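J.: What follows is a structure written as structure tokens; I'll ask about it next.
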Amino acid sequence: MHLRPVQFVDTPVGLEDGSVARLAGGMQWFAAYEVREGTSRRIVPVARFAEELGGSPRARALHVAFTSPRAPWVMGPRTLRFDQPQVAAILNVTPDSFSDGGKHIGDPAAAVDSGMAMAAMGAAVIDLGGESTRPGAATVWEGDEIARTAPVIERLAKGGALVSIDTRKAAVMEAALVAGAGIVNDVAALLWDDRALEVVAKAGCPVILMHSPDPDKGGHGRVGYADVLTDVFGWLEARIAAVEAAGVPRSRIMVDPGIGFGKSLADNLALINGLAIFHGLGCPIMLGASRKRMIGALSNEAPVDARLGGSLALAIKGAEAGVQLIRVHDVAETVQALHVWRGLRDRALIG
């Protein structure tokens, strides 16, 4: 059984009689679940949850996950809250990333300036990567990746920025955490490097686990999904259980459905439209769809540098689904869009 919140409402009218529920302690409220059991689909109003689904331990556990607030991540003097959508800024120090490759390679000072500028624009996290994860990208030796990222992290952290290290390699994670990074963001969900899970568990740091259908090969192998929403949910559910068993609390885990990694356009669209299902994992959600190929596919093959409109549309779609962290290239524009969205939600909530 899987549940997906549906019938989002502008105001929590009816809260007193239990006809709506708050999604993950955020700014969205919903009035019903879509219940998926095999190939069957039905809608169950929140008000009738106890009568129709209360006898199922699985449904009860999912309901608790959907309606429980997400605890903030406290990392020394820095705190990342999850009661409203926030922005993670993409900062690459690579020669070949699909959007900004080569922009900061070999120039740590310029990378630091760019990262601090994005923090000043309103980014809650600076997500720093030293190896491209685009299809066909060459694997970078861990020593080179450390040399690219560690000096930038150290300066950003000293400047007060919260940094996540975007890497698959345990040695890079270790060096980044020593340099001052607060979060590990792994597109292979700690499966590419045999030591990665041990490093994160020992450090006690938060981790972002991305769905990857073939983490050993970079995550871009195409697989066939019976139902991409429930298949990705099940993969992440199993991965969270394994990471928890290794000593990482669920409260320190974030999930990412992996838009563009081993998925067709139809798969990506289904994931975007069904994002709210992933709140059932009981973790904050990150959405990384900025400037991705699906935008070009839907807009006359617009090149990477002409995908701002599509990126903003996906960011707002994520906010409407209760996504807590939106990973983007265009920080100022996305922060502004989310500020307007939050203003509209605040006004709706106060009537």
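Each chain in the structure tokens gets a letter, A, B, ..., in the order shown, and its residues are numbered from 1; ligands are numbered from 1 in order too.
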List every residue of segment 295-330 of chain A that has an atom at most 9 Å from any atom of segment 22-39 of chain A, and for each one report the closest atom pair and its distance in Å to one decimal, counting only C-alpha atoms, with rows sorted by chain and then by increasing residue number, as a Markdown table.
T.:
| residue | atom | partner | partner_atom | distance |
| --- | --- | --- | --- | --- |
| A:Ala319 | CA | A:Gln28 | CA | 8.8 |
| A:Glu320 | CA | A:Gln28 | CA | 7.1 |
| A:Ala321 | CA | A:Gln28 | CA | 7.6 |
| A:Gly322 | CA | A:Gln28 | CA | 6.3 |
| A:Val323 | CA | A:Gly26 | CA | 8.9 |
| A:Gln324 | CA | A:Gly26 | CA | 8.2 |
J.: Within 7 Å of segment 264-283 of chain A, which residues of segment 125-236 of chain A show up? Give each one with its shortest atom-to-atom distance in Å (one decimal) and the two atoms involved, counting only C-alpha atoms, rows by chain then rising residue number, as CSV.
T.:
residue,atom,partner,partner_atom,distance
A:Val228,CA,A:Asp267,CA,6.2
A:Leu229,CA,A:Leu271,CA,5.9
A:Phe233,CA,A:Phe278,CA,6.4
J.: Where does DSSP see alpha helix (DSSP H) in segment 212-296 of chain A, if you list the residues as number ranges by chain?
T.: A: 228-245, 265-273, 293-296
J.: Using N, CA and C atoms, can you export the residues from the last selection as a compact mmCIF listing (two decimals), in the first residue's frame?
T.:
# COMPACT_ATOMS: atom_id res chain seq x y z
N VAL A 228 6.70 4.37 -11.60
CA VAL A 228 7.91 5.09 -11.19
C VAL A 228 7.76 5.70 -9.80
N LEU A 229 6.57 6.16 -9.45
CA LEU A 229 6.38 6.75 -8.12
C LEU A 229 6.61 5.73 -7.02
N THR A 230 5.93 4.60 -7.11
CA THR A 230 6.04 3.62 -6.04
C THR A 230 7.37 2.87 -6.10
N ASP A 231 7.93 2.70 -7.30
CA ASP A 231 9.24 2.05 -7.40
C ASP A 231 10.33 2.90 -6.75
N VAL A 232 10.34 4.20 -7.05
CA VAL A 232 11.33 5.09 -6.45
C VAL A 232 11.11 5.19 -4.94
N PHE A 233 9.84 5.27 -4.54
CA PHE A 233 9.52 5.30 -3.11
C PHE A 233 10.09 4.06 -2.42
N GLY A 234 9.84 2.88 -2.99
CA GLY A 234 10.30 1.65 -2.38
C GLY A 234 11.82 1.57 -2.30
N TRP A 235 12.51 2.05 -3.35
CA TRP A 235 13.98 2.04 -3.35
C TRP A 235 14.50 2.95 -2.23
N LEU A 236 13.94 4.15 -2.12
CA LEU A 236 14.38 5.07 -1.08
C LEU A 236 14.02 4.55 0.32
N GLU A 237 12.86 3.93 0.44
CA GLU A 237 12.45 3.37 1.73
C GLU A 237 13.46 2.32 2.20
N ALA A 238 13.88 1.45 1.29
CA ALA A 238 14.86 0.42 1.64
C ALA A 238 16.22 1.03 1.95
N ARG A 239 16.58 2.07 1.20
CA ARG A 239 17.88 2.70 1.43
C ARG A 239 17.91 3.42 2.78
N ILE A 240 16.82 4.10 3.12
CA ILE A 240 16.74 4.77 4.43
C ILE A 240 16.89 3.74 5.54
N ALA A 241 16.22 2.60 5.40
CA ALA A 241 16.31 1.55 6.43
C ALA A 241 17.74 1.08 6.60
N ALA A 242 18.47 0.91 5.51
CA ALA A 242 19.86 0.46 5.59
C ALA A 242 20.75 1.52 6.24
N VAL A 243 20.52 2.77 5.89
CA VAL A 243 21.33 3.85 6.46
C VAL A 243 21.01 4.02 7.95
N GLU A 244 19.75 3.91 8.30
CA GLU A 244 19.37 3.94 9.72
C GLU A 244 20.03 2.81 10.50
N ALA A 245 20.03 1.62 9.92
CA ALA A 245 20.61 0.46 10.59
C ALA A 245 22.11 0.64 10.85
N LEU A 265 11.42 11.20 -19.91
CA LEU A 265 10.62 12.41 -19.69
C LEU A 265 9.32 12.07 -18.98
N ALA A 266 8.66 10.99 -19.41
CA ALA A 266 7.40 10.60 -18.76
C ALA A 266 7.63 10.25 -17.29
N ASP A 267 8.74 9.57 -17.00
CA ASP A 267 9.06 9.24 -15.60
C ASP A 267 9.26 10.51 -14.78
N ASN A 268 10.02 11.46 -15.32
CA ASN A 268 10.29 12.71 -14.60
C ASN A 268 9.00 13.47 -14.33
N LEU A 269 8.12 13.53 -15.32
CA LEU A 269 6.86 14.24 -15.14
C LEU A 269 5.99 13.56 -14.08
N ALA A 270 5.98 12.24 -14.08
CA ALA A 270 5.20 11.52 -13.06
C ALA A 270 5.75 11.79 -11.66
N LEU A 271 7.07 11.83 -11.54
CA LEU A 271 7.68 12.11 -10.23
C LEU A 271 7.36 13.53 -9.77
N ILE A 272 7.47 14.49 -10.68
CA ILE A 272 7.16 15.88 -10.31
C ILE A 272 5.70 16.01 -9.88
N ASN A 273 4.80 15.40 -10.63
CA ASN A 273 3.38 15.49 -10.29
C ASN A 273 3.04 14.74 -9.01
N ARG A 293 17.29 18.60 -18.53
CA ARG A 293 16.94 18.30 -19.92
C ARG A 293 15.44 18.26 -20.15
N MET A 294 14.66 17.86 -19.14
CA MET A 294 13.22 17.80 -19.32
C MET A 294 12.64 19.16 -19.68
N ILE A 295 13.26 20.23 -19.19
CA ILE A 295 12.77 21.58 -19.52
C ILE A 295 12.96 21.85 -21.00
N GLY A 296 14.14 21.52 -21.52
CA GLY A 296 14.37 21.67 -22.94
C GLY A 296 13.42 20.82 -23.76
J.: What is the distance between atom CA of Val125 of chain A and atom CA of Thr67 of chain A, in Å to one decimal?
T.: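 Result for atom CA of Val125 of chain A versus atom CA of Thr67 of chain A: 25.2 Å, one decimal.
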J.: When you count only C-alpha atoms, which of these residues is closest to Val200 of chain A: A:Lys263, A:Lys169, A:Arg345, A:Lys217?
T.: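 Under the stated criterion, the closest residue is A:Lys169.
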J.: Which residue is closest to Asp127 of chain A? Choose from A:Ile43, A:Ala88, A:Val6, A:Ala188 and count only C-alpha atoms.
T.: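 Nearest candidate to Asp127 of chain A out of A:Ile43, A:Ala88, A:Val6, A:Ala188: A:Ala88.
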J.: How many Å separate atom CA of Ile126 of chain A from atom CA of Ala170 of chain A?
T.: 19.5 Å
J.: Which neighbours of Met118 of chain A fall inside 8 Å, counting only C-alpha atoms, when residues of the same chain fewer than 6 positions from it are skipped, and could you give them as a ChimeraX atom specification?
T.: /A:89,126,331-332
J.: From a DSSP pass on the backbone, collect the residues of segment 116-297 of chain A flagged as strand (DSSP E or B) and hand them back as a list in words.
T.: Val125, Ile126, Asp127, Leu128, Gly129, Val163, Ser164, Ile165, Asp166, Ile183, Val184, Asn185, Asp186, Val207, Ile208, Leu209, Met210, Ile253, Met254, Val255, Asp256, Ile285, Met286 and Leu287 of chain A
J.: Give me, as a PyMOL selection string, all polymer residues having an atom no more than 12 Å from Asp113 of chain A, counting only C-alpha atoms and skipping those fewer than 3 positions away in the same chain.
T.: chain A and resi 91+104+107-110+116-120+126+152-153+155-156+159+161
J.: Take the residues from that selection and write them out as a compact mmCIF listing (two decimals), in the first residue's frame, keeping C-alpha atoms.
T.:
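Here's the written file result_38.txt:
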# COMPACT_ATOMS: atom_id res chain seq x y z
CA LEU A 91 28.22 25.74 -6.98
CA HIS A 104 35.30 28.31 -11.27
CA ASP A 107 40.05 29.70 -9.02
CA PRO A 108 38.97 29.01 -5.41
CA ALA A 109 38.64 32.73 -4.62
CA ALA A 110 36.13 33.24 -7.44
CA MET A 116 28.94 33.96 -0.63
CA ALA A 117 27.00 36.02 -3.17
CA MET A 118 24.43 33.23 -3.48
CA ALA A 119 24.16 33.02 0.31
CA ALA A 120 23.54 36.77 0.39
CA ILE A 126 25.65 26.10 -0.82
CA VAL A 152 36.45 26.52 -1.12
CA ILE A 153 34.53 24.84 1.69
CA ARG A 155 36.52 29.74 3.19
CA LEU A 156 32.75 29.48 2.74
CA GLY A 159 32.29 33.19 6.05
CA ALA A 161 27.75 29.72 4.87
J.: Would you mind listing, for every residue of segment 233-269 of chain A within 7 Å of segment 202-209 of chain A, the two atoms forming the shortest contact and the distance between them in Å to one decimal, using only C-alpha atoms, sorted by chain and ascending residue number, as a tab-separated table?
T.:
residue	atom	partner	partner_atom	distance
A:Val248	CA	A:Gly204	CA	6.8
A:Arg252	CA	A:Pro206	CA	4.5
A:Ile253	CA	A:Val207	CA	5.2
A:Met254	CA	A:Ile208	CA	4.6
A:Val255	CA	A:Leu209	CA	4.9
A:Asp256	CA	A:Leu209	CA	6.1
